[in-house]
Amino acid sequence: MNRIKNTFHNIKKTLLQFETLGTIYMLHRCSPIDNENLYWNEHMKVSPGFLKNFLKEQKKTCDFISLDELLELPHSRRRKKCIVMTFDDGYRDNYEYALPIFDEMSIPFVVYVTNSFPDKTAFLWWYILEDILRLSKYIVLADGRRFDCETKERKETVFLDLRQLILNLNQENLVNEFKNMFCNYEIDFSTYNDALCLTWDIIKEMSNSQWCTIAAHTMNHKALNKLPEEQLDYEIMQSKKELEEHIGKSVNHFAYPFGTFNEVSDREIEFVKKCRLNTVCYSFGGSFTKKNIGKPFELPRQFLGELVH
């Protein structure tokens, strides 16, 4: 009889490990949707109205929690599903549109900052490419290849074609290779950082909100599994150190750039375990379970978007 009881107890314990406890949502930008812009950049946004409505609806049945509270879930008495809201990279609209909503609704959220954004060294080539396409009826690359893009539909297709060419460039010398590829076009790179990226002063201000957690997302948003270990140390630990110096607080959370198995291997997972971090997130994987919380350096996330293609 005891053996049967123990068997049922073990089955129940195993099933509880896989019970869905909630979802960590991944966003990037919060800003009014502009349907004149290309979908492949615009789908990274949610509008302020969409975000506010989503939070209101979820608040009826779910608890919004911080990443620190997530780690306590296996020992808590919460009965509702839990949600963690996160934003990647460090876009200025996180401050202009998202922060007031979270403050007003008393909901915690996380901003994973890539330091090159406030350092004004980020190379936002996807927005540069979009502007080149929007202003052109055709694109001619340095090697003579021509891409017709007179209609919006063609611009969407050519954006994907050119994006793949850009991703195949030497990522360590990407700025120069991009300039060479698009040498027929005059581009002012600095305007994109000024218009789109958070500043250090704003990040400091955001960190003073009781609802905002500033977290790390590397120095330059590079695919970590492509880097030698000494550069891995720089990208993660220097990012954490700089953030802590600017906001005057500990930075205990991190998200892998790109965040899929294509960019994260066992080496990177073992490395972050030594970086004085409490949680580390992927960019995929859906909802989390008790078993996921037991692996805090491999937490899944769910993309939250507004636009449907």
# chains A, B, ... in the order shown; residues from 1 in each chain; ligands from 1
call {"tool": "residues_around", "arguments": {"residues": "Gly305 in chain A", "least_positions_apart": "5", "cutoff": "10 Å", "atoms": "only C-alpha atoms", "output": "PyMOL selection string"}}
result
chain A and resi 25-29+42-47+50-51
call {"tool": "write_last_selection", "arguments": {"atoms": "N, CA and C atoms", "output": "mmCIF file, in the first residue's frame"}}
result
data_model
loop_
_atom_site.group_PDB
_atom_site.id
_atom_site.type_symbol
_atom_site.label_atom_id
_atom_site.label_comp_id
_atom_site.auth_asym_id
_atom_site.auth_seq_id
_atom_site.Cartn_x
_atom_site.Cartn_y
_atom_site.Cartn_z
ATOM 1 N N TYR A 25 6.777 37.821 -20.976
ATOM 2 C CA TYR A 25 6.552 38.377 -22.308
ATOM 3 C C TYR A 25 7.741 39.230 -22.739
ATOM 4 N N MET A 26 8.112 39.095 -24.001
ATOM 5 C CA MET A 26 9.221 39.852 -24.581
ATOM 6 C C MET A 26 8.675 40.879 -25.568
ATOM 7 N N LEU A 27 9.002 42.147 -25.330
ATOM 8 C CA LEU A 27 8.683 43.229 -26.249
ATOM 9 C C LEU A 27 9.967 43.975 -26.572
ATOM 10 N N HIS A 28 9.889 44.898 -27.527
ATOM 11 C CA HIS A 28 11.022 45.742 -27.837
ATOM 12 C C HIS A 28 10.653 47.218 -27.746
ATOM 13 N N ARG A 29 9.592 47.597 -28.452
ATOM 14 C CA ARG A 29 9.227 49.005 -28.522
ATOM 15 C C ARG A 29 7.755 49.204 -28.158
ATOM 16 N N GLU A 42 8.184 47.423 -38.004
ATOM 17 C CA GLU A 42 7.035 47.912 -37.254
ATOM 18 C C GLU A 42 6.447 46.834 -36.342
ATOM 19 N N HIS A 43 6.605 45.556 -36.703
ATOM 20 C CA HIS A 43 6.015 44.505 -35.865
ATOM 21 C C HIS A 43 6.748 44.350 -34.540
ATOM 22 N N MET A 44 7.905 45.012 -34.405
ATOM 23 C CA MET A 44 8.614 45.005 -33.129
ATOM 24 C C MET A 44 7.991 45.977 -32.131
ATOM 25 N N LYS A 45 7.004 46.750 -32.577
ATOM 26 C CA LYS A 45 6.304 47.693 -31.703
ATOM 27 C C LYS A 45 4.987 47.100 -31.197
ATOM 28 N N VAL A 46 4.553 47.608 -30.047
ATOM 29 C CA VAL A 46 3.138 47.600 -29.692
ATOM 30 C C VAL A 46 2.760 49.051 -29.448
ATOM 31 N N SER A 47 1.543 49.417 -29.776
ATOM 32 C CA SER A 47 1.095 50.782 -29.538
ATOM 33 C C SER A 47 0.773 50.954 -28.058
ATOM 34 N N PHE A 50 -2.615 49.424 -27.258
ATOM 35 C CA PHE A 50 -2.592 47.961 -27.215
ATOM 36 C C PHE A 50 -1.986 47.492 -25.900
ATOM 37 N N LEU A 51 -0.863 48.096 -25.485
ATOM 38 C CA LEU A 51 -0.199 47.686 -24.250
ATOM 39 C C LEU A 51 -1.123 47.883 -23.055
#
call {"tool": "residues_around", "arguments": {"residues": "Phe258 in chain A", "least_positions_apart": "6", "cutoff": "10 Å", "atoms": "only C-alpha atoms", "output": "list in words"}}
result
Asp88, His217, His221, Lys222, Ala223, Leu224, Val264, Tyr282, Ser283 and Phe284 of chain A
call {"tool": "residues_around", "arguments": {"residues": "range 118-121 of chain A", "least_positions_apart": "2", "cutoff": "7 Å", "atoms": "only C-alpha atoms", "output": "VMD selection string"}}
result
chain A and resid 115 to 116 123 193 197 to 200
call {"tool": "select_by_dssp", "arguments": {"residues": "range 141-238 of chain A", "states": "strand (DSSP E)", "output": "list in words"}}
result
Arg146, Phe147, Asp148, Cys212, Thr213, Ile214, Ala215 and Ala216 of chain A
call {"tool": "closest_residue", "arguments": {"among": "A:Glu156, A:Tyr95, A:Asp143, A:Leu277", "to": "Ser207 in chain A", "atoms": "only C-alpha atoms"}}
result
A:Tyr95
call {"tool": "closest_atom_pairs", "arguments": {"of": "range 79-174 of chain A", "to": "range 235-256 of chain A", "cutoff": "10 Å", "atoms": "only C-alpha atoms", "output": "CSV"}}
result
residue,atom,partner,partner_atom,distance
A:Thr86,CA,A:Ala255,CA,9.7
A:Asp88,CA,A:Ala255,CA,8.1
A:Asp89,CA,A:Ala255,CA,9.6
A:Val110,CA,A:His253,CA,9.1
A:Val111,CA,A:Phe254,CA,9.8
A:Tyr112,CA,A:Ala255,CA,6.7
A:Val113,CA,A:Leu243,CA,8.3
A:Thr114,CA,A:Ser239,CA,7.5
A:Asn115,CA,A:Ser239,CA,6.2
A:Ser116,CA,A:Ser239,CA,9.2
call {"tool": "write_last_selection", "arguments": {"atoms": "N, CA and C atoms", "output": "PDB file, in the first residue's frame"}}
result
ATOM      1  N   THR A  86       8.802  42.275 -20.168  1.00  0.00           N
ATOM      2  CA  THR A  86      10.190  42.662 -20.442  1.00  0.00           C
ATOM      3  C   THR A  86      10.305  43.349 -21.799  1.00  0.00           C
ATOM      4  N   ASP A  88      13.399  44.550 -24.647  1.00  0.00           N
ATOM      5  CA  ASP A  88      14.797  44.338 -25.021  1.00  0.00           C
ATOM      6  C   ASP A  88      15.405  45.563 -25.703  1.00  0.00           C
ATOM      7  N   ASP A  89      16.685  45.761 -25.472  1.00  0.00           N
ATOM      8  CA  ASP A  89      17.589  46.644 -26.217  1.00  0.00           C
ATOM      9  C   ASP A  89      17.758  48.034 -25.610  1.00  0.00           C
ATOM     10  N   VAL A 110      10.619  45.077 -16.927  1.00  0.00           N
ATOM     11  CA  VAL A 110      12.076  44.990 -17.048  1.00  0.00           C
ATOM     12  C   VAL A 110      12.505  45.615 -18.370  1.00  0.00           C
ATOM     13  N   VAL A 111      13.609  46.362 -18.354  1.00  0.00           N
ATOM     14  CA  VAL A 111      14.231  46.836 -19.587  1.00  0.00           C
ATOM     15  C   VAL A 111      15.641  46.256 -19.648  1.00  0.00           C
ATOM     16  N   TYR A 112      15.872  45.359 -20.611  1.00  0.00           N
ATOM     17  CA  TYR A 112      17.192  44.787 -20.845  1.00  0.00           C
ATOM     18  C   TYR A 112      17.963  45.750 -21.756  1.00  0.00           C
ATOM     19  N   VAL A 113      18.977  46.413 -21.208  1.00  0.00           N
ATOM     20  CA  VAL A 113      19.688  47.465 -21.940  1.00  0.00           C
ATOM     21  C   VAL A 113      20.930  46.919 -22.629  1.00  0.00           C
ATOM     22  N   THR A 114      21.017  47.163 -23.923  1.00  0.00           N
ATOM     23  CA  THR A 114      22.262  46.961 -24.661  1.00  0.00           C
ATOM     24  C   THR A 114      23.048  48.267 -24.559  1.00  0.00           C
ATOM     25  N   ASN A 115      24.231  48.223 -23.953  1.00  0.00           N
ATOM     26  CA  ASN A 115      24.941  49.462 -23.601  1.00  0.00           C
ATOM     27  C   ASN A 115      25.286  50.337 -24.792  1.00  0.00           C
ATOM     28  N   SER A 116      25.435  49.751 -25.971  1.00  0.00           N
ATOM     29  CA  SER A 116      25.747  50.573 -27.143  1.00  0.00           C
ATOM     30  C   SER A 116      24.606  51.525 -27.489  1.00  0.00           C
TER      31      SER A 116
END
call {"tool": "select_by_dssp", "arguments": {"residues": "range 194-234 of chain A", "states": "alpha helix (DSSP H)", "output": "PyMOL selection string"}}
result
chain A and resi 194-196+200-207+229-233
call {"tool": "atom_distance", "arguments": {"atom1": "CA of Glu229 in chain A", "atom2": "CA of Asn176 in chain A"}}
result
24.7 Å
call {"tool": "residues_around", "arguments": {"residues": "Asp233 in chain A", "least_positions_apart": "5", "cutoff": "9 Å", "atoms": "only C-alpha atoms", "output": "count of residues only"}}
result
4
call {"tool": "closest_residue", "arguments": {"among": "A:Lys81, A:Arg163, A:Arg276, A:Lys52", "to": "Phe297 in chain A", "atoms": "only C-alpha atoms"}}
result
A:Arg276
call {"tool": "residues_around", "arguments": {"residues": "Gly49 in chain A", "least_positions_apart": "4", "cutoff": "9 Å", "atoms": "only C-alpha atoms", "output": "list of chain:residue names"}}
result
A:Pro32, A:Asn53, A:Phe54
call {"tool": "atom_distance", "arguments": {"atom1": "CA of Asn168 in chain A", "atom2": "CA of Glu153 in chain A"}}
result
23.6 Å
call {"tool": "residues_around", "arguments": {"residues": "Cys82 in chain A", "least_positions_apart": "2", "cutoff": "9 Å", "atoms": "only C-alpha atoms", "output": "MDAnalysis selection string"}}
result
chainID A and resid 21:24 62:65 70 73 78:80 84
call {"tool": "atom_distance", "arguments": {"atom1": "CA of Met181 in chain A", "atom2": "CA of Thr218 in chain A"}}
result
26.9 Å
call {"tool": "closest_residue", "arguments": {"among": "A:Leu196, A:Lys226, A:Ala122, A:Gln231", "to": "Val175 in chain A", "atoms": "only C-alpha atoms"}}
result
A:Ala122
call {"tool": "decode", "arguments": {"residues": "range 107-131 of chain A", "atoms": "N, CA and C atoms", "output": "CSV table (one decimal), in the first residue's frame"}}
result
chain,number,residue,atom,x,y,z
A,107,ILE,N,2.4,48.3,-12.2
A,107,ILE,CA,2.8,47.0,-12.8
A,107,ILE,C,4.4,46.9,-13.0
A,108,PRO,N,5.1,45.9,-12.5
A,108,PRO,CA,6.5,45.9,-12.7
A,108,PRO,C,6.9,45.5,-14.1
A,109,PHE,N,8.0,46.0,-14.6
A,109,PHE,CA,8.5,45.6,-15.9
A,109,PHE,C,10.0,45.7,-15.9
A,110,VAL,N,10.6,45.1,-16.9
A,110,VAL,CA,12.1,45.0,-17.0
A,110,VAL,C,12.5,45.6,-18.4
A,111,VAL,N,13.6,46.4,-18.4
A,111,VAL,CA,14.2,46.8,-19.6
A,111,VAL,C,15.6,46.3,-19.6
A,112,TYR,N,15.9,45.4,-20.6
A,112,TYR,CA,17.2,44.8,-20.8
A,112,TYR,C,18.0,45.7,-21.8
A,113,VAL,N,19.0,46.4,-21.2
A,113,VAL,CA,19.7,47.5,-21.9
A,113,VAL,C,20.9,46.9,-22.6
A,114,THR,N,21.0,47.2,-23.9
A,114,THR,CA,22.3,47.0,-24.7
A,114,THR,C,23.0,48.3,-24.6
A,115,ASN,N,24.2,48.2,-24.0
A,115,ASN,CA,24.9,49.5,-23.6
A,115,ASN,C,25.3,50.3,-24.8
A,116,SER,N,25.4,49.8,-26.0
A,116,SER,CA,25.7,50.6,-27.1
A,116,SER,C,24.6,51.5,-27.5
A,117,PHE,N,23.4,51.2,-27.0
A,117,PHE,CA,22.3,52.2,-27.2
A,117,PHE,C,22.5,53.5,-26.5
A,118,PRO,N,22.7,53.5,-25.2
A,118,PRO,CA,22.9,54.8,-24.5
A,118,PRO,C,24.4,55.3,-24.8
A,119,ASP,N,25.3,54.4,-25.2
A,119,ASP,CA,26.6,54.9,-25.5
A,119,ASP,C,26.7,55.6,-26.9
A,120,LYS,N,25.6,55.5,-27.6
A,120,LYS,CA,25.4,56.1,-28.9
A,120,LYS,C,26.3,55.5,-30.0
A,121,THR,N,26.7,54.2,-29.8
A,121,THR,CA,27.5,53.5,-30.7
A,121,THR,C,26.7,52.4,-31.4
A,122,ALA,N,25.5,52.2,-31.1
A,122,ALA,CA,24.7,51.2,-31.7
A,122,ALA,C,24.5,51.4,-33.2
A,123,PHE,N,24.6,50.4,-34.0
A,123,PHE,CA,24.4,50.5,-35.5
A,123,PHE,C,23.1,49.9,-35.8
A,124,LEU,N,22.1,50.8,-35.9
A,124,LEU,CA,20.7,50.3,-36.1
A,124,LEU,C,20.4,50.2,-37.6
A,125,TRP,N,21.1,49.2,-38.2
A,125,TRP,CA,21.1,49.1,-39.7
A,125,TRP,C,19.7,48.8,-40.2
A,126,TRP,N,18.9,48.1,-39.4
A,126,TRP,CA,17.5,47.8,-39.9
A,126,TRP,C,16.6,49.0,-40.1
A,127,TYR,N,16.9,50.1,-39.4
A,127,TYR,CA,16.1,51.3,-39.6
A,127,TYR,C,16.7,52.1,-40.8
A,128,ILE,N,18.1,52.0,-40.9
A,128,ILE,CA,18.7,52.7,-42.0
A,128,ILE,C,18.3,52.1,-43.3
A,129,LEU,N,18.2,50.7,-43.3
A,129,LEU,CA,17.8,50.0,-44.5
A,129,LEU,C,16.4,50.4,-44.9
A,130,GLU,N,15.5,50.5,-43.9
A,130,GLU,CA,14.1,50.8,-44.2
A,130,GLU,C,14.0,52.2,-44.8
A,131,ASP,N,14.8,53.2,-44.3
A,131,ASP,CA,14.7,54.5,-44.9
A,131,ASP,C,15.3,54.6,-46.3
